[in-house]
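Written below as structure tokens is the structure these notes are about.
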Amino acid sequence: MKPLTEQEIRAAFVNCTKGEAKRLSVPRDLADRPWDDLDFLGWRDPQAPDRAYLVAELDGYPKAVALRSSGAGSWQTRRSMCSLCLTTHSGGVSLLVAPRAGKAGQQGNSVGAYMCSDLACSLYVRGKRDAGIGGRLHETITLEEKIERTVANLAAFVAKVTTA
């Protein structure tokens, strides 16, 4: 993923108003992020732990999505699998819900997916972050194929958010 600036990130949001995008918390350490190892930039809002955001470069342009998680479920210790990167965690997967873009979102429609709570899918796929014993299932596909699958899963989720 190519490095993004704060302005590029704020302008890329597809499911919130410009005012909301202007007020949300963007990471201050953008220059220090491992951009070469990221398929998307994901982060949690430190002031509002139930809010999360992700930005992906899709079709040549950055698209950003605002997400919310329910506080419920954080106590769960059963193993769950991220729907983007297929990493399993004990208590490290959250249901993240995005309001749909446009009129559908204004009417309260949303799309949800189970994702790594820390949104570090790219690092789990590449083995740069450890999900613990059994976190990554043994697969016979290449790393490139795993990355392509993660990006395809992310693109499908963002498409559900942005289509009317």
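Residues in the structure tokens are numbered from 1 in each chain, the chains being A, B, ... in the order shown, and ligands are numbered from 1 in the order shown.
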
List every residue of chain A that DSSP, applied to the backbone of this structure, places in helix (DSSP H, G or I), and write the result as a PyMOL selection string. chain A and resi 6-11+18-23+30-32+35-37+102-106+121-125+143-162

Neighbouring residues of region 10-20 of chain A were defined as those with any atom within 12 Å, considering only C-alpha atoms; residues of the same chain fewer than 3 positions away were excluded. Please report them as number ranges by chain. A: 4-7, 23-27, 53-58, 60-68, 97-106, 108-111, 158-164

If you measure from CA of Met1 (chain A) to CA of Asp37 (chain A), what distance in Å do you get, rounded to one decimal?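 Going from CA of Met1 (chain A) over to CA of Asp37 (chain A), I get 7.3 Å.
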
Shell around region 131-146 of chain A at 7 Å using only C-alpha atoms, local window under 2 positions removed, as a ChimeraX atom specification: /A:87-89,124-125,129,148-150

Could you write out the selected residues, including N, CA and C atoms, as a PDB file, in the first residue's frame?
ATOM      1  N   THR A  87      -7.569 -15.410   9.958  1.00  0.00           N
ATOM      2  CA  THR A  87      -6.781 -15.680  11.159  1.00  0.00           C
ATOM      3  C   THR A  87      -7.756 -15.968  12.289  1.00  0.00           C
ATOM      4  N   THR A  88      -7.448 -16.965  13.126  1.00  0.00           N
ATOM      5  CA  THR A  88      -8.291 -17.260  14.279  1.00  0.00           C
ATOM      6  C   THR A  88      -7.637 -16.698  15.533  1.00  0.00           C
ATOM      7  N   HIS A  89      -8.477 -16.213  16.430  1.00  0.00           N
ATOM      8  CA  HIS A  89      -8.020 -15.618  17.691  1.00  0.00           C
ATOM      9  C   HIS A  89      -8.927 -16.102  18.817  1.00  0.00           C
ATOM     10  N   TYR A 124      -0.791 -10.281  10.114  1.00  0.00           N
ATOM     11  CA  TYR A 124      -1.016 -11.692  10.434  1.00  0.00           C
ATOM     12  C   TYR A 124      -0.779 -12.566   9.205  1.00  0.00           C
ATOM     13  N   VAL A 125      -1.289 -12.135   8.051  1.00  0.00           N
ATOM     14  CA  VAL A 125      -1.126 -12.912   6.817  1.00  0.00           C
ATOM     15  C   VAL A 125       0.349 -13.092   6.487  1.00  0.00           C
ATOM     16  N   ARG A 129       3.018 -10.534  12.614  1.00  0.00           N
ATOM     17  CA  ARG A 129       2.391 -10.472  13.930  1.00  0.00           C
ATOM     18  C   ARG A 129       1.857 -11.868  14.225  1.00  0.00           C
ATOM     19  N   GLU A 148      -3.797 -11.836  -1.872  1.00  0.00           N
ATOM     20  CA  GLU A 148      -4.864 -11.570  -2.851  1.00  0.00           C
ATOM     21  C   GLU A 148      -6.240 -11.895  -2.272  1.00  0.00           C
ATOM     22  N   ARG A 149      -6.329 -12.989  -1.521  1.00  0.00           N
ATOM     23  CA  ARG A 149      -7.601 -13.380  -0.918  1.00  0.00           C
ATOM     24  C   ARG A 149      -8.042 -12.347   0.123  1.00  0.00           C
ATOM     25  N   THR A 150      -7.102 -11.877   0.938  1.00  0.00           N
ATOM     26  CA  THR A 150      -7.429 -10.872   1.947  1.00  0.00           C
ATOM     27  C   THR A 150      -7.921  -9.593   1.278  1.00  0.00           C
TER      28      THR A 150
END

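Among the candidate residues A:Asp50, A:Ala31, A:Cys82, A:Ser69, the one lying nearest to Leu154 (chain A) is A:Cys82, with distances computed using only C-alpha atoms.
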
Would you work out the distance separating CA of Leu96 (chain A) from CA of Arg44 (chain A), expressed in Å to one decimal?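 It comes out at 11.1 Å.
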
Can you list, as an NGL selection string, all residues belonging to region 67-149 of chain A that DSSP tags as strand (DSSP E)? :A and (67-69 or 79-81 or 88-90 or 93-99 or 110-116)

Please, what distance in Å, to one decimal, runs between CA of Asp118 (chain A) and CA of Gly42 (chain A)? 7.7 Å

Near Tyr114 (chain A), counting only C-alpha atoms, which residues have an atom at most 6 Å away, once you skip same-chain residues fewer than 5 positions from it, shown as number ranges by chain? A: 82-83, 94-95

Next, the residues of the selection above should be written as a tab-separated table (two decimals), in the first residue's frame with N, CA and C atoms.
chain	number	residue	atom	x	y	z
A	82	CYS	N	-11.36	-14.28	11.61
A	82	CYS	CA	-11.53	-13.03	10.88
A	82	CYS	C	-12.01	-13.36	9.47
A	83	SER	N	-13.02	-12.65	9.00
A	83	SER	CA	-13.56	-12.91	7.67
A	83	SER	C	-12.70	-12.30	6.56
A	94	SER	N	-13.70	-9.17	16.39
A	94	SER	CA	-14.87	-8.37	16.75
A	94	SER	C	-15.81	-8.26	15.57
A	95	LEU	N	-17.09	-8.15	15.87
A	95	LEU	CA	-18.06	-7.83	14.83
A	95	LEU	C	-17.98	-6.32	14.63

What's around Ser117 (chain A) at 6 Å? Count only C-alpha atoms, leave out sequence neighbours fewer than 2 positions away in its own chain, and write the answer as a compact mmCIF listing (two decimals) with N, CA and C atoms, in the first residue's frame.
# COMPACT_ATOMS: atom_id res chain seq x y z
N GLY A 92 -9.95 -12.23 20.00
CA GLY A 92 -9.33 -11.17 19.22
C GLY A 92 -10.05 -10.85 17.92
N VAL A 93 -11.32 -11.30 17.81
CA VAL A 93 -12.11 -10.99 16.63
C VAL A 93 -13.36 -10.25 17.09
N SER A 94 -13.70 -9.17 16.39
CA SER A 94 -14.87 -8.37 16.75
C SER A 94 -15.81 -8.26 15.57
N MET A 115 -13.90 -9.21 12.10
CA MET A 115 -12.54 -8.83 11.71
C MET A 115 -11.63 -8.91 12.92
N LEU A 119 -7.30 -4.90 13.68
CA LEU A 119 -7.26 -4.58 12.25
C LEU A 119 -5.85 -4.73 11.66
